[in-house]
Amino acid sequence: MANRTEAAVLTEHGSALTLRELPLPEEPEPGAALVRITCTTLCGTDVHLWSGQMTFPGMLPMVLGHEMVGEVVAVGPGTTDTLGREIAEGDRIGWSESTCGKCYGCTILREPVACEKRGYGFLQRSDVFPYATGGLVRYCYVTPGAAKLLLPDDVKDTWASMSGCAGKTVLRAVARSGGIRPGATVVVQGAGALGVFATAVARISGAGDVITIGGPADRLETAGRFGATATIPVDGSAGDRVERVKELTGGRGADHVFDFAGGPTIGEEAVAFAAQRGTIAIVGSTGPAPSPVALGTVMGKELTVVGSLNGDIADYHRSVDFFRTFAGRMPWGELFSAPVGLSGASRSVESMSRLGELKAVIDPRLP
């Protein structure tokens with residue numbers, strides 16, 4: 001068993017990641033596992049953490065990455081996946097957030113996303129035990145509280161990795177908003193990885209029209225290949241976008257609006273986009289900044305507005321199954337960049353911050 005691991009560590013917001021050697025626990029605790037990472041896909045949250053848009057006191061140094069899969073190289077006593085299946089050396093697993101199992105969110109609400117101590121590992125500093133819990137490492141320590149899942153052989157590493165955050169976030173948002181009615185009109189705000197994946201999910205779910213709003217132009221082109229029947233660039237005004245949605249929907253508006261973008265006018269636009277008795281799911285509007293919303297319009301249209309926070313192991317499982325079931329329905333490979341090693345992780349994060357790569361892929365086995 002390895003006792004140290006190479007890691008790409010964030011030591012200063014907006015600066016290059018530093019390659020460091022981190023210690024590993026001498027042996028896994030009961031319920032824990034040591035995994036050799038085979039694929040880490042970067043998320044928009046990683047970019048926000050790197051840039052400092054998302055920050056909290058005492059967070060640095062830290063290892064980015066919370067979408068990852070790998071091969072088990074050591075396990076602690078009694079380590080099983082979420083379905084009770086024994087995890088052994090050589091198994092390929094993915095995992096969702098760690099939870100405490102004892103707080104109000106875990107025990108009364110029975111919602112892992114509401115756990116008071118919920119975290120993927122990226123909330124832990126890289127200089128504090130257990131050190132290597134993020135995805136930008138050669139070997140990752142999967143804590144006892146992390147919900148683990150044995151992965152089917154026919155699900156690609158990239159698909160399973162993306163399911164760890166982006167995939168499960170989208171599927172949870174669809175479920176939270178009551179599902180997508182066949183033939184419905186859907187507006188997706190955002191053309192990043194979540195927005196493009198949501199576009200595909202909406203079409204596969206039977207939506208009649210899917211309007212994806214975002215940028216830059218190449219991402220809107222990608223959205224078209226993932227099922228968007230129309231796209232709207234964000235280089236105009238909010239009023240222009242509202243008028244265009246009205247035009248595309250014959251003045252009625254959209255049955256479902258999904259926010260995967262955030263931004264100061266997102267809420268205002270979402271309410272304007274929505275049809276009478278439509279639903280709005282707020283997913284991308286994070287942070288403390290207020291967003292103006294016309295509550296009179298919410299009342300007058302009898303809109304349903306729900307918030308949706310990431311996802312849990314159930315959503316992760318559904319995302320893995322979704323990729324498996326619809327493997328041939330969309331050009332999923334277009335979501336992912338060519339893999340690079342840990343030495344290329346800084347360039348990948350920076351590229352995503354410039355809206356370059358849609359979904360960067362890190363394979364720590366590469367140089």
# chains A, B, ... in the order shown; residues from 1 in each chain; ligands from 1
call {"tool": "closest_atom_pairs", "arguments": {"of": "range 159-204 of chain A", "to": "range 262-265 of chain A", "cutoff": "12 Å", "atoms": "only C-alpha atoms", "output": "JSON lines"}}
result
{"residue": "A:Val188", "atom": "CA", "partner": "A:Gly262", "partner_atom": "CA", "distance": 11.6}
{"residue": "A:Gln189", "atom": "CA", "partner": "A:Gly262", "partner_atom": "CA", "distance": 8.3}
{"residue": "A:Gly190", "atom": "CA", "partner": "A:Gly262", "partner_atom": "CA", "distance": 8.1}
{"residue": "A:Ala191", "atom": "CA", "partner": "A:Gly262", "partner_atom": "CA", "distance": 11.4}
{"residue": "A:Gly192", "atom": "CA", "partner": "A:Gly262", "partner_atom": "CA", "distance": 11.4}
{"residue": "A:Leu194", "atom": "CA", "partner": "A:Gly262", "partner_atom": "CA", "distance": 11.9}
{"residue": "A:Gly195", "atom": "CA", "partner": "A:Gly262", "partner_atom": "CA", "distance": 11.4}
call {"tool": "write_last_selection", "arguments": {"atoms": "N, CA, C and O atoms", "output": "mmCIF file, in the first residue's frame"}}
result
data_model
loop_
_atom_site.group_PDB
_atom_site.id
_atom_site.type_symbol
_atom_site.label_atom_id
_atom_site.label_comp_id
_atom_site.auth_asym_id
_atom_site.auth_seq_id
_atom_site.Cartn_x
_atom_site.Cartn_y
_atom_site.Cartn_z
ATOM 1 N N VAL A 188 -33.246 26.144 -20.829
ATOM 2 C CA VAL A 188 -32.067 25.852 -20.021
ATOM 3 C C VAL A 188 -31.196 27.103 -20.003
ATOM 4 O O VAL A 188 -30.716 27.544 -21.050
ATOM 5 N N GLN A 189 -31.022 27.670 -18.829
ATOM 6 C CA GLN A 189 -30.164 28.845 -18.675
ATOM 7 C C GLN A 189 -28.751 28.371 -18.354
ATOM 8 O O GLN A 189 -28.493 27.855 -17.267
ATOM 9 N N GLY A 190 -27.838 28.536 -19.304
ATOM 10 C CA GLY A 190 -26.461 28.099 -19.128
ATOM 11 C C GLY A 190 -26.072 27.066 -20.165
ATOM 12 O O GLY A 190 -26.830 26.128 -20.437
ATOM 13 N N ALA A 191 -24.877 27.233 -20.737
ATOM 14 C CA ALA A 191 -24.388 26.314 -21.759
ATOM 15 C C ALA A 191 -23.054 25.709 -21.358
ATOM 16 O O ALA A 191 -22.244 25.338 -22.213
ATOM 17 N N GLY A 192 -22.804 25.618 -20.045
ATOM 18 C CA GLY A 192 -21.651 24.873 -19.559
ATOM 19 C C GLY A 192 -21.964 23.390 -19.565
ATOM 20 O O GLY A 192 -22.938 22.942 -20.176
ATOM 21 N N LEU A 194 -23.187 21.477 -17.227
ATOM 22 C CA LEU A 194 -24.505 21.183 -16.674
ATOM 23 C C LEU A 194 -25.609 21.553 -17.649
ATOM 24 O O LEU A 194 -26.563 20.794 -17.837
ATOM 25 N N GLY A 195 -25.490 22.727 -18.278
ATOM 26 C CA GLY A 195 -26.509 23.162 -19.211
ATOM 27 C C GLY A 195 -26.618 22.266 -20.427
ATOM 28 O O GLY A 195 -27.725 21.930 -20.874
#
call {"tool": "residues_around", "arguments": {"residues": "Ser343 in chain A", "least_positions_apart": "3", "cutoff": "12 Å", "atoms": "only C-alpha atoms", "output": "list in words"}}
result
Glu6, Ala7, Ala8, Val9, Ala16, Leu17, Thr18, Leu19, Arg20, Leu136, Val137, Arg138, Pro339, Val340, Ser346, Arg347, Ser348, Val349, Ile362, Asp363, Pro364, Arg365, Leu366 and Pro367 of chain A
call {"tool": "residues_around", "arguments": {"residues": "Phe322 in chain A", "least_positions_apart": "6", "cutoff": "12 Å", "atoms": "only C-alpha atoms", "output": "ChimeraX atom specification"}}
result
/A:155,159-160,162-163,167-168,170-171,197,200-201,204-205,315-316,328-330,332
call {"tool": "closest_residue", "arguments": {"among": "A:Gly134, A:Pro290, A:Pro152, A:Gly224", "to": "Arg92 in chain A", "atoms": "only C-alpha atoms"}}
result
A:Pro152
call {"tool": "residues_around", "arguments": {"residues": "range 109-112 of chain A", "least_positions_apart": "4", "cutoff": "10 Å", "atoms": "only C-alpha atoms", "output": "ChimeraX atom specification"}}
result
/A:96-101,103-105,116-118,147,311-314
call {"tool": "atom_distance", "arguments": {"atom1": "CA of Leu295 in chain A", "atom2": "CA of Glu269 in chain A"}}
result
12.5 Å
call {"tool": "select_by_dssp", "arguments": {"residues": "range 94-169 of chain A", "states": "alpha helix (DSSP H)", "output": "PyMOL selection string"}}
result
chain A and resi 104-107+157-162+168-169
call {"tool": "atom_distance", "arguments": {"atom1": "CA of Cys106 in chain A", "atom2": "CA of Gly145 in chain A"}}
result
11.9 Å
